[in-house]
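Data from final15.cif: mmCIF, C-alpha atoms (C1' of nucleotides)
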```
data_target
loop_
_atom_site.label_atom_id
_atom_site.label_comp_id
_atom_site.auth_asym_id
_atom_site.auth_seq_id
_atom_site.Cartn_x
_atom_site.Cartn_y
_atom_site.Cartn_z
CA MET A 1 5.93 24.38 19.93
CA ALA A 2 2.55 23.64 21.42
CA SER A 3 1.58 20.04 20.84
CA HIS A 4 3.29 16.87 19.76
CA SER A 5 2.05 17.15 16.24
CA ALA A 6 3.64 20.60 15.95
CA ALA A 7 6.72 18.53 15.26
CA SER A 8 6.44 18.38 11.51
CA VAL A 9 4.48 20.61 9.24
CA THR A 10 1.84 21.86 11.64
CA GLN A 11 3.56 24.87 13.19
CA GLY A 12 1.20 27.72 13.89
CA SER A 13 -1.81 25.83 12.62
CA GLU A 14 -3.79 26.77 15.76
CA ALA A 15 -4.07 30.37 14.65
CA ARG A 16 -5.83 29.49 11.39
CA GLY A 17 -9.35 28.64 10.39
CA PRO A 18 -10.76 25.13 10.34
CA ARG A 19 -10.30 24.65 6.62
CA GLU A 20 -6.62 25.46 6.63
CA ARG A 21 -6.09 23.45 9.81
CA MET A 22 -7.59 20.42 8.11
CA VAL A 23 -5.20 20.74 5.18
CA ILE A 24 -2.18 21.15 7.44
CA HIS A 25 -3.06 18.21 9.63
CA ALA A 26 -3.88 16.11 6.61
CA ALA A 27 -0.35 16.79 5.35
CA ASP A 28 1.02 15.78 8.73
CA LEU A 29 -0.95 12.53 8.79
CA ILE A 30 -0.08 11.64 5.19
CA GLY A 31 3.58 12.07 6.11
CA ARG A 32 3.11 9.65 8.98
CA ASP A 33 0.77 6.97 7.64
CA GLY A 34 0.39 7.53 3.91
CA VAL A 35 -2.67 8.48 1.89
CA ALA A 36 -4.60 5.21 2.15
CA ALA A 37 -4.22 4.94 5.91
CA THR A 38 -5.27 8.54 6.53
CA SER A 39 -9.03 8.83 6.95
CA ILE A 40 -11.11 11.96 6.94
CA GLY A 41 -12.04 11.14 10.51
CA ASP A 42 -8.38 11.12 11.50
CA VAL A 43 -7.90 14.55 9.99
CA ILE A 44 -10.92 15.94 11.79
CA ALA A 45 -9.73 14.56 15.10
CA ALA A 46 -6.18 15.87 14.64
CA SER A 47 -7.27 19.33 13.58
CA SER A 48 -10.19 19.68 16.00
CA ALA A 49 -12.30 20.64 13.05
CA PRO A 50 -16.08 20.38 12.89
CA ARG A 51 -17.32 17.12 11.40
CA GLY A 52 -20.22 18.70 9.61
CA SER A 53 -18.42 21.01 7.25
CA ILE A 54 -15.92 18.80 5.48
CA TYR A 55 -17.94 18.43 2.32
CA HIS A 56 -18.73 22.09 2.50
CA HIS A 57 -15.04 23.01 2.46
CA PHE A 58 -13.97 20.08 0.30
CA PRO A 59 -16.76 19.14 -2.11
CA GLY A 60 -14.28 16.84 -3.82
CA GLY A 61 -14.10 14.76 -0.66
CA LYS A 62 -11.04 12.90 0.45
CA THR A 63 -9.29 13.28 -2.90
CA GLN A 64 -9.49 17.05 -2.73
CA LEU A 65 -8.32 17.17 0.86
CA MET A 66 -5.34 14.91 0.13
CA THR A 67 -4.49 16.87 -3.00
CA GLU A 68 -4.41 20.17 -1.18
CA ALA A 69 -2.44 18.62 1.66
CA VAL A 70 0.30 17.36 -0.65
CA ARG A 71 0.52 20.75 -2.31
CA TYR A 72 0.70 22.42 1.10
CA ALA A 73 3.54 20.14 2.18
CA GLY A 74 5.32 20.81 -1.10
CA ASP A 75 5.16 24.56 -0.61
CA PHE A 76 6.10 24.27 3.04
CA ILE A 77 9.33 22.46 2.23
CA ALA A 78 10.07 24.57 -0.83
CA ASP A 79 9.86 27.67 1.36
CA ARG A 80 12.44 26.21 3.69
CA LEU A 81 14.73 25.30 0.83
CA GLY A 82 14.40 28.87 -0.39
CA THR A 83 15.46 30.47 2.86
CA LEU A 84 18.62 28.46 3.47
CA ARG A 85 21.62 30.74 3.79
CA SER A 86 24.49 28.40 3.02
CA HIS A 87 27.49 29.58 1.03
CA THR A 88 28.81 26.44 -0.61
CA ALA A 89 27.10 23.63 -2.48
CA ALA A 90 28.13 21.10 0.15
CA ASP A 91 26.71 23.29 2.95
CA ALA A 92 23.48 23.60 1.03
CA VAL A 93 23.16 19.82 0.98
CA THR A 94 23.81 19.62 4.71
CA ASP A 95 21.22 22.30 5.37
CA ILE A 96 18.60 20.50 3.31
CA GLY A 97 19.36 17.38 5.28
CA ASP A 98 18.94 19.31 8.53
CA VAL A 99 15.43 20.32 7.57
CA TRP A 100 14.46 16.65 7.42
CA ARG A 101 16.62 15.71 10.38
CA ARG A 102 14.68 18.05 12.60
CA MET A 103 11.28 16.86 11.44
CA LEU A 104 12.24 13.23 11.93
CA ILE A 105 13.59 13.72 15.43
CA ASN A 106 10.79 16.04 16.55
CA SER A 107 8.17 13.54 15.45
CA ASP A 108 10.00 10.59 16.99
CA TYR A 109 10.65 9.27 13.46
CA GLN A 110 6.98 9.08 12.65
CA PHE A 111 6.80 11.86 10.12
CA GLY A 112 8.11 11.17 6.63
CA CYS A 113 7.58 12.86 3.30
CA PRO A 114 3.90 13.51 2.50
CA VAL A 115 4.78 14.26 -1.10
CA LEU A 116 6.44 10.94 -1.84
CA ALA A 117 3.59 9.26 0.04
CA GLY A 118 1.21 11.00 -2.35
CA GLY A 119 3.21 9.86 -5.35
CA LEU A 120 3.09 6.25 -4.20
CA ALA A 121 -0.70 6.35 -4.05
CA ARG A 122 -1.11 6.72 -7.81
CA ARG A 123 -3.27 3.64 -8.38
CA THR A 124 -5.93 4.63 -5.85
CA GLU A 125 -5.50 8.42 -5.95
CA PRO A 126 -4.12 9.50 -9.33
CA GLN A 127 -4.90 13.18 -8.81
CA VAL A 128 -2.92 13.23 -5.59
CA ALA A 129 -0.01 11.55 -7.36
CA ASP A 130 -0.13 14.14 -10.12
CA VAL A 131 0.34 16.92 -7.60
CA ALA A 132 3.14 14.96 -5.93
CA GLU A 133 4.85 14.64 -9.29
CA GLU A 134 4.70 18.40 -9.84
CA VAL A 135 6.11 19.11 -6.41
CA LEU A 136 8.97 16.63 -6.77
CA THR A 137 9.91 18.14 -10.11
CA GLN A 138 9.83 21.60 -8.56
CA TRP A 139 12.04 20.53 -5.64
CA THR A 140 14.56 18.93 -7.98
CA LYS A 141 14.75 22.08 -10.09
CA LEU A 142 15.17 24.19 -6.96
CA VAL A 143 18.08 22.03 -5.82
CA ALA A 144 19.62 21.98 -9.29
CA SER A 145 19.58 25.75 -9.69
CA ARG A 146 21.04 26.13 -6.24
CA LEU A 147 23.87 23.79 -7.19
CA VAL A 148 24.54 25.84 -10.30
CA VAL A 149 24.74 29.03 -8.27
CA GLU A 150 27.25 27.35 -5.97
CA GLY A 151 29.49 26.37 -8.86
CA VAL A 152 28.26 23.03 -10.18
CA ASP A 153 28.36 22.55 -13.92
CA VAL A 154 24.94 23.07 -15.53
CA ASP A 155 25.05 19.75 -17.39
CA ARG A 156 25.73 17.86 -14.20
CA ALA A 157 23.42 19.77 -11.87
CA GLY A 158 20.19 18.08 -12.97
CA SER A 159 21.45 14.59 -12.47
CA LEU A 160 23.14 15.47 -9.18
CA ALA A 161 19.98 17.16 -7.92
CA ASN A 162 18.06 14.05 -8.86
CA LEU A 163 20.44 11.97 -6.77
CA ILE A 164 20.14 14.34 -3.83
CA VAL A 165 16.35 14.34 -3.84
CA ALA A 166 16.10 10.58 -4.33
CA ALA A 167 18.70 9.80 -1.68
CA ILE A 168 17.13 12.09 0.91
CA GLU A 169 13.64 10.75 0.22
CA GLY A 170 14.94 7.22 0.53
CA ALA A 171 16.93 8.04 3.64
CA VAL A 172 13.90 9.57 5.33
CA GLY A 173 12.02 6.34 4.68
CA LEU A 174 14.89 4.33 6.12
CA CYS A 175 14.95 6.56 9.20
CA GLN A 176 11.23 5.99 9.73
CA THR A 177 11.73 2.27 9.35
CA GLN A 178 14.71 2.12 11.72
CA ARG A 179 13.61 4.90 14.07
CA SER A 180 17.08 6.39 13.82
CA VAL A 181 18.76 9.34 12.10
CA GLU A 182 21.73 7.27 11.14
CA PRO A 183 20.69 6.57 7.55
CA LEU A 184 20.07 10.24 6.89
CA ASP A 185 23.34 11.27 8.51
CA ASN A 186 25.29 8.80 6.39
CA VAL A 187 23.54 9.90 3.24
CA ILE A 188 24.04 13.59 3.91
CA ARG A 189 27.72 13.10 4.64
CA GLU A 190 28.20 11.19 1.41
CA LEU A 191 26.18 13.68 -0.61
CA ALA A 192 28.05 16.65 0.85
CA LEU A 193 31.40 15.08 0.01
CA LEU A 194 30.30 14.31 -3.52
CA THR A 195 28.79 17.73 -4.06
CA GLN A 196 31.92 19.42 -2.82
CA SER A 197 34.11 17.48 -5.22
CA VAL A 198 31.78 18.19 -8.13
CA ALA A 199 31.53 21.89 -7.33
CA THR A 200 35.29 22.22 -7.09
CA ALA A 201 35.95 20.36 -10.33
CA MET B 1 5.86 -14.51 -18.53
CA ALA B 2 2.25 -15.50 -18.20
CA SER B 3 0.20 -12.64 -16.83
CA HIS B 4 0.70 -8.95 -16.26
CA SER B 5 1.44 -9.39 -12.59
CA ALA B 6 4.31 -11.73 -13.44
CA ALA B 7 6.17 -8.48 -14.00
CA SER B 8 7.55 -8.02 -10.52
CA VAL B 9 8.05 -10.62 -7.88
CA THR B 10 5.49 -13.18 -8.97
CA GLN B 11 7.50 -15.26 -11.46
CA GLY B 12 6.63 -18.93 -11.35
CA SER B 13 4.01 -18.47 -8.68
CA GLU B 14 1.51 -20.52 -10.71
CA ALA B 15 3.39 -23.71 -10.00
CA ARG B 16 3.08 -23.37 -6.24
CA GLY B 17 0.42 -24.07 -3.68
CA PRO B 18 -2.22 -21.58 -2.59
CA ARG B 19 -0.44 -20.55 0.57
CA GLU B 20 2.78 -19.62 -1.18
CA ARG B 21 0.89 -17.95 -4.01
CA MET B 22 -0.89 -15.74 -1.49
CA VAL B 23 2.41 -14.64 0.02
CA ILE B 24 3.93 -13.89 -3.38
CA HIS B 25 0.96 -11.90 -4.61
CA ALA B 26 0.73 -10.08 -1.31
CA ALA B 27 4.32 -8.98 -1.85
CA ASP B 28 3.43 -7.82 -5.34
CA LEU B 29 0.42 -5.84 -4.15
CA ILE B 30 2.29 -4.27 -1.25
CA GLY B 31 4.92 -3.10 -3.73
CA ARG B 32 2.20 -1.49 -5.79
CA ASP B 33 -0.22 -0.01 -3.26
CA GLY B 34 1.39 -0.26 0.15
CA VAL B 35 0.33 -2.25 3.19
CA ALA B 36 -2.74 -0.27 4.20
CA ALA B 37 -4.24 -0.26 0.70
CA THR B 38 -3.72 -3.99 0.23
CA SER B 39 -6.69 -5.99 1.51
CA ILE B 40 -6.89 -9.70 2.07
CA GLY B 41 -9.58 -9.80 -0.59
CA ASP B 42 -7.20 -8.22 -3.10
CA VAL B 43 -4.60 -10.88 -2.37
CA ILE B 44 -7.12 -13.68 -2.78
CA ALA B 45 -8.29 -12.29 -6.10
CA ALA B 46 -4.76 -11.81 -7.41
CA SER B 47 -3.55 -15.24 -6.38
CA SER B 48 -6.74 -17.11 -7.28
CA ALA B 49 -6.61 -18.60 -3.82
CA PRO B 50 -9.59 -20.06 -1.99
CA ARG B 51 -11.38 -17.59 0.25
CA GLY B 52 -12.10 -20.11 2.95
CA SER B 53 -8.62 -21.08 3.99
CA ILE B 54 -6.90 -17.79 4.71
CA TYR B 55 -7.25 -18.00 8.45
CA HIS B 56 -6.30 -21.63 8.23
CA HIS B 57 -2.99 -20.77 6.55
CA PHE B 58 -2.52 -17.44 8.31
CA PRO B 59 -4.06 -17.60 11.79
CA GLY B 60 -2.40 -14.25 12.48
CA GLY B 61 -4.61 -12.67 9.83
CA LYS B 62 -3.53 -9.77 7.68
CA THR B 63 -0.54 -8.95 9.85
CA GLN B 64 0.94 -12.40 9.37
CA LEU B 65 0.30 -12.39 5.64
CA MET B 66 1.93 -8.96 5.23
CA THR B 67 4.85 -9.95 7.41
CA GLU B 68 5.58 -13.06 5.38
CA ALA B 69 5.16 -11.11 2.16
CA VAL B 70 7.75 -8.51 3.14
CA ARG B 71 10.16 -11.24 4.13
CA TYR B 72 9.55 -13.01 0.84
CA ALA B 73 10.25 -9.85 -1.13
CA GLY B 74 13.38 -9.27 0.92
CA ASP B 75 14.72 -12.72 0.14
CA PHE B 76 13.69 -12.46 -3.50
CA ILE B 77 15.75 -9.31 -4.00
CA ALA B 78 18.62 -10.52 -1.84
CA ASP B 79 18.87 -13.61 -4.05
CA ARG B 80 19.19 -11.43 -7.10
CA LEU B 81 21.83 -9.28 -5.48
CA GLY B 82 23.72 -12.45 -4.63
CA THR B 83 23.81 -13.77 -8.18
CA LEU B 84 25.10 -10.64 -9.90
CA ARG B 85 28.31 -11.36 -11.77
CA SER B 86 29.82 -7.92 -12.11
CA HIS B 87 33.56 -7.41 -11.81
CA THR B 88 33.93 -3.86 -10.57
CA ALA B 89 32.17 -1.92 -7.83
CA ALA B 90 30.69 0.48 -10.35
CA ASP B 91 29.30 -2.39 -12.43
CA ALA B 92 27.78 -3.90 -9.34
CA VAL B 93 25.86 -0.68 -8.73
CA THR B 94 24.65 -0.63 -12.32
CA ASP B 95 23.52 -4.24 -12.04
CA ILE B 96 21.59 -3.57 -8.86
CA GLY B 97 19.92 -0.68 -10.59
CA ASP B 98 19.02 -2.94 -13.51
CA VAL B 99 17.15 -5.30 -11.21
CA TRP B 100 14.84 -2.46 -10.24
CA ARG B 101 14.79 -1.00 -13.73
CA ARG B 102 13.33 -4.19 -15.10
CA MET B 103 10.67 -4.51 -12.43
CA LEU B 104 9.59 -0.91 -12.88
CA ILE B 105 9.29 -1.14 -16.65
CA ASN B 106 7.67 -4.58 -16.66
CA SER B 107 5.01 -3.40 -14.23
CA ASP B 108 4.42 -0.14 -16.10
CA TYR B 109 5.90 1.71 -13.11
CA GLN B 110 3.33 0.34 -10.73
CA PHE B 111 5.55 -1.93 -8.71
CA GLY B 112 7.79 -0.33 -6.11
CA CYS B 113 9.63 -1.70 -3.11
CA PRO B 114 7.42 -3.84 -0.83
CA VAL B 115 10.04 -3.70 1.89
CA LEU B 116 10.17 0.06 2.18
CA ALA B 117 6.38 0.06 1.97
CA GLY B 118 6.36 -2.27 4.95
CA GLY B 119 8.74 -0.03 6.86
CA LEU B 120 6.53 2.99 6.30
CA ALA B 121 3.57 1.19 7.84
CA ARG B 122 5.07 1.09 11.32
CA ARG B 123 2.26 2.90 13.14
CA THR B 124 -0.48 0.57 11.95
CA GLU B 125 1.60 -2.60 11.42
CA PRO B 126 4.65 -2.54 13.70
CA GLN B 127 5.45 -6.22 13.17
CA VAL B 128 5.60 -5.73 9.42
CA ALA B 129 7.88 -2.75 9.89
CA ASP B 130 10.17 -4.79 12.11
CA VAL B 131 10.66 -7.32 9.34
CA ALA B 132 11.22 -4.53 6.84
CA GLU B 133 13.89 -3.10 9.11
CA GLU B 134 15.70 -6.44 9.24
CA VAL B 135 15.59 -6.81 5.49
CA LEU B 136 16.87 -3.30 4.81
CA THR B 137 19.75 -3.85 7.19
CA GLN B 138 20.54 -7.13 5.46
CA TRP B 139 20.49 -5.52 2.01
CA THR B 140 22.77 -2.72 3.15
CA LYS B 141 25.27 -5.19 4.58
CA LEU B 142 25.15 -7.22 1.38
CA VAL B 143 25.94 -4.14 -0.68
CA ALA B 144 28.65 -3.03 1.72
CA SER B 145 30.47 -6.36 1.67
CA ARG B 146 30.26 -6.42 -2.08
CA LEU B 147 31.84 -2.97 -2.23
CA VAL B 148 34.66 -4.13 0.02
CA VAL B 149 35.33 -7.12 -2.24
CA GLU B 150 35.50 -4.76 -5.20
CA GLY B 151 38.10 -2.57 -3.54
CA VAL B 152 36.23 -0.01 -1.44
CA ASP B 153 37.76 0.87 1.91
CA VAL B 154 36.04 -0.95 4.78
CA ASP B 155 35.48 2.25 6.77
CA ARG B 156 33.74 3.88 3.84
CA ALA B 157 31.76 0.91 2.58
CA GLY B 158 28.98 1.09 5.17
CA SER B 159 28.19 4.72 4.56
CA LEU B 160 28.43 4.31 0.80
CA ALA B 161 26.17 1.25 0.88
CA ASN B 162 23.71 3.28 2.92
CA LEU B 163 23.70 5.95 0.23
CA ILE B 164 23.23 3.38 -2.51
CA VAL B 165 20.28 1.69 -0.81
CA ALA B 166 18.62 4.97 0.16
CA ALA B 167 19.12 6.53 -3.27
CA ILE B 168 17.77 3.52 -5.13
CA GLU B 169 14.77 3.22 -2.82
CA GLY B 170 14.06 6.91 -3.29
CA ALA B 171 14.60 6.71 -7.03
CA VAL B 172 12.18 3.81 -7.34
CA GLY B 173 9.57 5.92 -5.58
CA LEU B 174 10.26 8.82 -7.91
CA CYS B 175 9.94 6.51 -10.92
CA GLN B 176 6.56 5.30 -9.68
CA THR B 177 5.46 8.89 -9.15
CA GLN B 178 6.66 10.08 -12.56
CA ARG B 179 5.99 6.84 -14.48
CA SER B 180 9.46 7.09 -15.95
CA VAL B 181 12.85 5.42 -15.50
CA GLU B 182 14.67 8.70 -15.75
CA PRO B 183 15.13 9.26 -12.00
CA LEU B 184 16.58 5.79 -11.54
CA ASP B 185 18.86 6.16 -14.56
CA ASN B 186 20.22 9.45 -13.26
CA VAL B 187 20.74 8.06 -9.81
CA ILE B 188 22.48 4.92 -11.03
CA ARG B 189 24.80 6.90 -13.27
CA GLU B 190 25.76 9.18 -10.39
CA LEU B 191 26.20 6.30 -7.97
CA ALA B 192 28.33 4.33 -10.42
CA LEU B 193 30.59 7.31 -11.00
CA LEU B 194 30.97 7.90 -7.29
CA THR B 195 31.56 4.25 -6.51
CA GLN B 196 34.21 4.00 -9.19
CA SER B 197 36.10 6.98 -7.82
CA VAL B 198 35.90 5.64 -4.28
CA ALA B 199 36.99 2.14 -5.30
CA THR B 200 39.95 3.51 -7.21
CA ALA B 201 41.10 5.79 -4.41
"C1'" DG C 1 -8.43 -27.35 3.38
"C1'" DT C 2 -12.07 -25.19 1.72
"C1'" DC C 3 -16.87 -23.53 1.75
"C1'" DT C 4 -20.79 -20.27 3.20
"C1'" DA C 5 -22.78 -17.28 6.29
"C1'" DT C 6 -22.42 -13.77 9.28
"C1'" DA C 7 -20.95 -10.39 12.77
"C1'" DC C 8 -18.79 -6.18 13.44
"C1'" DG C 9 -16.66 -1.98 12.70
"C1'" DA C 10 -14.57 1.63 9.82
"C1'" DA C 11 -14.85 4.83 6.23
"C1'" DG C 12 -16.67 7.72 2.35
"C1'" DA C 13 -20.44 10.22 1.14
"C1'" DT C 14 -25.27 12.44 1.12
"C1'" DA C 15 -29.60 14.68 2.98
"C1'" DG C 16 -31.89 17.76 5.54
"C1'" DA C 17 -32.35 20.57 9.89
"C1'" DC C 18 -30.51 24.54 12.37
"C1'" DG D 1 -20.91 26.64 8.46
"C1'" DT D 2 -22.01 23.23 11.23
"C1'" DC D 3 -24.87 19.42 13.15
"C1'" DT D 4 -27.05 14.85 13.16
"C1'" DA D 5 -28.73 11.09 10.98
"C1'" DT D 6 -28.31 7.69 7.50
"C1'" DC D 7 -26.88 4.89 3.53
"C1'" DT D 8 -23.57 2.03 1.47
"C1'" DT D 9 -19.55 -0.24 0.65
"C1'" DC D 10 -15.70 -2.50 2.19
"C1'" DG D 11 -12.58 -5.08 5.16
"C1'" DT D 12 -11.33 -8.02 9.02
"C1'" DA D 13 -12.48 -11.77 11.46
"C1'" DT D 14 -15.24 -15.84 13.34
"C1'" DA D 15 -18.37 -19.94 13.31
"C1'" DG D 16 -19.74 -24.06 11.73
"C1'" DA D 17 -20.71 -27.30 7.80
"C1'" DC D 18 -18.56 -30.29 4.31
#
```
Written form, structure tokens:
Amino acid sequence: MASHSAASVTQGSEARGPRERMVIHAADLIGRDGVAATSIGDVIAASSAPRGSIYHHFPGGKTQLMTEAVRYAGDFIADRLGTLRSHTAADAVTDIGDVWRRMLINSDYQFGCPVLAGGLARRTEPQVADVAEEVLTQWTKLVASRLVVEGVDVDRAGSLANLIVAAIEGAVGLCQTQRSVEPLDNVIRELALLTQSVATA
Amino acid sequence: MASHSAASVTQGSEARGPRERMVIHAADLIGRDGVAATSIGDVIAASSAPRGSIYHHFPGGKTQLMTEAVRYAGDFIADRLGTLRSHTAADAVTDIGDVWRRMLINSDYQFGCPVLAGGLARRTEPQVADVAEEVLTQWTKLVASRLVVEGVDVDRAGSLANLIVAAIEGAVGLCQTQRSVEPLDNVIRELALLTQSVATA
DNA sequence: GTCTATACGAAGATAGAC
DNA sequence: GTCTATCTTCGTATAGAC
């Protein structure tokens, strides 16, 4: 872990070209401050990218940069969800929680979910929100199918996955607000208990 | 219901003075667009308030206006939570969900939680986030004590209330993103089921 | 309490040179 | 691909008159 900002979604970004670095650091900043509060200048500064080539790489301007950043964050998290090696549904929930737990603590509770942040920006940045919507749907399906594999009834899995995604997103926001992991820990414990009982039923 | 913006937190704001109208409409706009994307000019336009007296009423500028708005929204929702007349813990959860359900639908899914929005703005507006933190803690305690009254074990109530608040906050964000009540409906159904089983135990 | 005018800076975006 | 202007719009905030 090189710098402070390597705490969230920026791991290994140094090795890449300016364009990709901009996208990665944009995702990081959106997770911290939201879409509206993240300026192109901020992204350039964070990624040590050249000022002069933004509109070369991103002719669509800020909207394009934010859009790609939300998609990047979505894939980044989806990858992590895909590689979890838990063996029960309850463990899977705990592991998903740990992914966020780590990012919160490593960023000193500054980094939240760039995807939800994108979704909340619908009025000013509808295209960004559209991508966020896709990603959230994908995440929920990923969680649901995982629950099914671990023994949860198919009819229940969708609604339970919805609860898990919503509760974790909300808990991450509470953790940012309170600068504490406690909300997430409570939520994960409750979700794991519930998931276990549903999977066993 | 007079105007479109009367759909969220702005009911009866016409009858009040300019200062209070500004606070109410600031809360409304923060719930829609977040703190950073809400400008003083937007608030003035929405509340039909006089341009010249903002810094007379709010010498602390935008920060003060946003701070008071988040507090107002917090009290507004807390009042509603206080007047719910449900008789079981599960019904209480459903009623809380209905409060948000209505605001989402009436605003065409544009209005989300101003308090969480304030909490997410900590880096740029720490004072606003501090108020948001207070409010969220208050809400969680309100829910927890209600659960206890309805038969939930005291040791469990805090953690369950945390889940309920986090899940609803997250669900509201998902509803805004997807322009649909489905996430909230799923979450409320799951939470009601869980709460019922915990209250009965 | 409310107005107008204005200062100041930040941010998105474009043009044209290298 | 990258740089340096530059334009424009917007947003916060202040000053001073009414």
- Message: Show me, as a ChimeraX atom specification, every residue of chain C with an atom at most 10 Å from chain A, counting all atoms listed in the file.
- Response: /C:10-14
- Message: Can you measure atom CA of Met22 of chain A to atom CA of Gly112 of chain A for me? One decimal in Å is fine.
- Response: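 These two atoms are separated by 18.3 Å.
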- Message: Should the cut-off be 8 Å, what would the residue list for chain D against chain A look like, counting only C-alpha atoms (C1' of nucleotides), as a list in words?
- Response: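 Applying the cut-off to the listed atoms yields DG1, DT2 and DC3 of chain D.
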Could those residues be written to a file, using C-alpha atoms (C1' of nucleotides), as a PDB file, in the coordinates of the input?
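Final output, saved to out23.pdb:
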```
ATOM      1  C1'  DG D   1     -20.910  26.640   8.460  1.00  0.00           C
ATOM      2  C1'  DT D   2     -22.010  23.230  11.230  1.00  0.00           C
ATOM      3  C1'  DC D   3     -24.870  19.420  13.150  1.00  0.00           C
TER       4       DC D   3
END
```
- Task: Could you jot down the atom CA of Ile164 of chain B to atom CA of Gln138 of chain A separation for me, Å, one decimal place?
- Result: 23.4 Å
- Please, which residues of chain A lie no more than 9 Å from chain B when the count uses only C-alpha atoms, and can they be set out as a PyMOL selection string? chain A and resi 32-37+110+112+116-124+129-130+132-134+136+158-160+162-174+176-178+183-184+186-191+194
Return as a CSV table (one decimal) with C-alpha atoms, in the frame of the given file the set of residues that the PyMOL selection byres ((chain B and resi 199) around 9) yields on the displayed structure.
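That gives us selection35.csv:
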```
chain,number,residue,atom,x,y,z
B,88,THR,CA,33.9,-3.9,-10.6
B,89,ALA,CA,32.2,-1.9,-7.8
B,90,ALA,CA,30.7,0.5,-10.4
B,147,LEU,CA,31.8,-3.0,-2.2
B,148,VAL,CA,34.7,-4.1,0.0
B,150,GLU,CA,35.5,-4.8,-5.2
B,151,GLY,CA,38.1,-2.6,-3.5
B,152,VAL,CA,36.2,0.0,-1.4
B,153,ASP,CA,37.8,0.9,1.9
B,194,LEU,CA,31.0,7.9,-7.3
B,195,THR,CA,31.6,4.2,-6.5
B,196,GLN,CA,34.2,4.0,-9.2
B,197,SER,CA,36.1,7.0,-7.8
B,198,VAL,CA,35.9,5.6,-4.3
B,200,THR,CA,40.0,3.5,-7.2
B,201,ALA,CA,41.1,5.8,-4.4
```
- Work out how far atom CA of Leu29 of chain B is from atom CA of Asp42 of chain A, in Å to one decimal. 24.7 Å
Please write as a PDB file with C-alpha atoms, in the frame of the given file the full residue list that the PyMOL selection byres ((chain A and resi 65) around 10) yields on this file.
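Listing of selection03.pdb after writing:
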```pdb
ATOM      1  CA  ARG A  19     -10.300  24.650   6.620  1.00  0.00           C
ATOM      2  CA  MET A  22      -7.590  20.420   8.110  1.00  0.00           C
ATOM      3  CA  VAL A  23      -5.200  20.740   5.180  1.00  0.00           C
ATOM      4  CA  ILE A  24      -2.180  21.150   7.440  1.00  0.00           C
ATOM      5  CA  ALA A  26      -3.880  16.110   6.610  1.00  0.00           C
ATOM      6  CA  ALA A  27      -0.350  16.790   5.350  1.00  0.00           C
ATOM      7  CA  ILE A  40     -11.110  11.960   6.940  1.00  0.00           C
ATOM      8  CA  VAL A  43      -7.900  14.550   9.990  1.00  0.00           C
ATOM      9  CA  ILE A  54     -15.920  18.800   5.480  1.00  0.00           C
ATOM     10  CA  TYR A  55     -17.940  18.430   2.320  1.00  0.00           C
ATOM     11  CA  HIS A  57     -15.040  23.010   2.460  1.00  0.00           C
ATOM     12  CA  PHE A  58     -13.970  20.080   0.300  1.00  0.00           C
ATOM     13  CA  PRO A  59     -16.760  19.140  -2.110  1.00  0.00           C
ATOM     14  CA  GLY A  60     -14.280  16.840  -3.820  1.00  0.00           C
ATOM     15  CA  GLY A  61     -14.100  14.760  -0.660  1.00  0.00           C
ATOM     16  CA  LYS A  62     -11.040  12.900   0.450  1.00  0.00           C
ATOM     17  CA  THR A  63      -9.290  13.280  -2.900  1.00  0.00           C
ATOM     18  CA  GLN A  64      -9.490  17.050  -2.730  1.00  0.00           C
ATOM     19  CA  MET A  66      -5.340  14.910   0.130  1.00  0.00           C
ATOM     20  CA  THR A  67      -4.490  16.870  -3.000  1.00  0.00           C
ATOM     21  CA  GLU A  68      -4.410  20.170  -1.180  1.00  0.00           C
ATOM     22  CA  ALA A  69      -2.440  18.620   1.660  1.00  0.00           C
ATOM     23  CA  VAL A  70       0.300  17.360  -0.650  1.00  0.00           C
ATOM     24  CA  VAL A 128      -2.920  13.230  -5.590  1.00  0.00           C
TER      25      VAL A 128
END
```
Which polymer residues, protein or nucleic acid, are no farther than 9 Å from (11.1, -1.9, -10.7), counting all atoms listed in the file, as a CSV table (one decimal) with C-alpha atoms, keeping the file's coordinate frame?
```
chain,number,residue,atom,x,y,z
B,7,ALA,CA,6.2,-8.5,-14.0
B,8,SER,CA,7.6,-8.0,-10.5
B,97,GLY,CA,19.9,-0.7,-10.6
B,98,ASP,CA,19.0,-2.9,-13.5
B,99,VAL,CA,17.2,-5.3,-11.2
B,100,TRP,CA,14.8,-2.5,-10.2
B,101,ARG,CA,14.8,-1.0,-13.7
B,102,ARG,CA,13.3,-4.2,-15.1
B,103,MET,CA,10.7,-4.5,-12.4
B,104,LEU,CA,9.6,-0.9,-12.9
B,105,ILE,CA,9.3,-1.1,-16.6
B,106,ASN,CA,7.7,-4.6,-16.7
B,107,SER,CA,5.0,-3.4,-14.2
B,108,ASP,CA,4.4,-0.1,-16.1
B,109,TYR,CA,5.9,1.7,-13.1
B,110,GLN,CA,3.3,0.3,-10.7
B,111,PHE,CA,5.6,-1.9,-8.7
B,112,GLY,CA,7.8,-0.3,-6.1
B,113,CYS,CA,9.6,-1.7,-3.1
B,172,VAL,CA,12.2,3.8,-7.3
B,175,CYS,CA,9.9,6.5,-10.9
B,176,GLN,CA,6.6,5.3,-9.7
B,181,VAL,CA,12.8,5.4,-15.5
```
- Message: Evaluated on this file, the PyMOL selection byres ((chain B and resi 10) around 9) picks out some residues - which ones are they, written as a ChimeraX atom specification?
- Response: /B:5-9,11-14,21,24-25,27-28
- Message: Could you list, as a VMD selection string, every residue within 12 Å of DA15 of chain C, counting all atoms listed in the file and ignoring same-chain residues fewer than 5 positions away?
- Response: chain D and resid 4 to 7
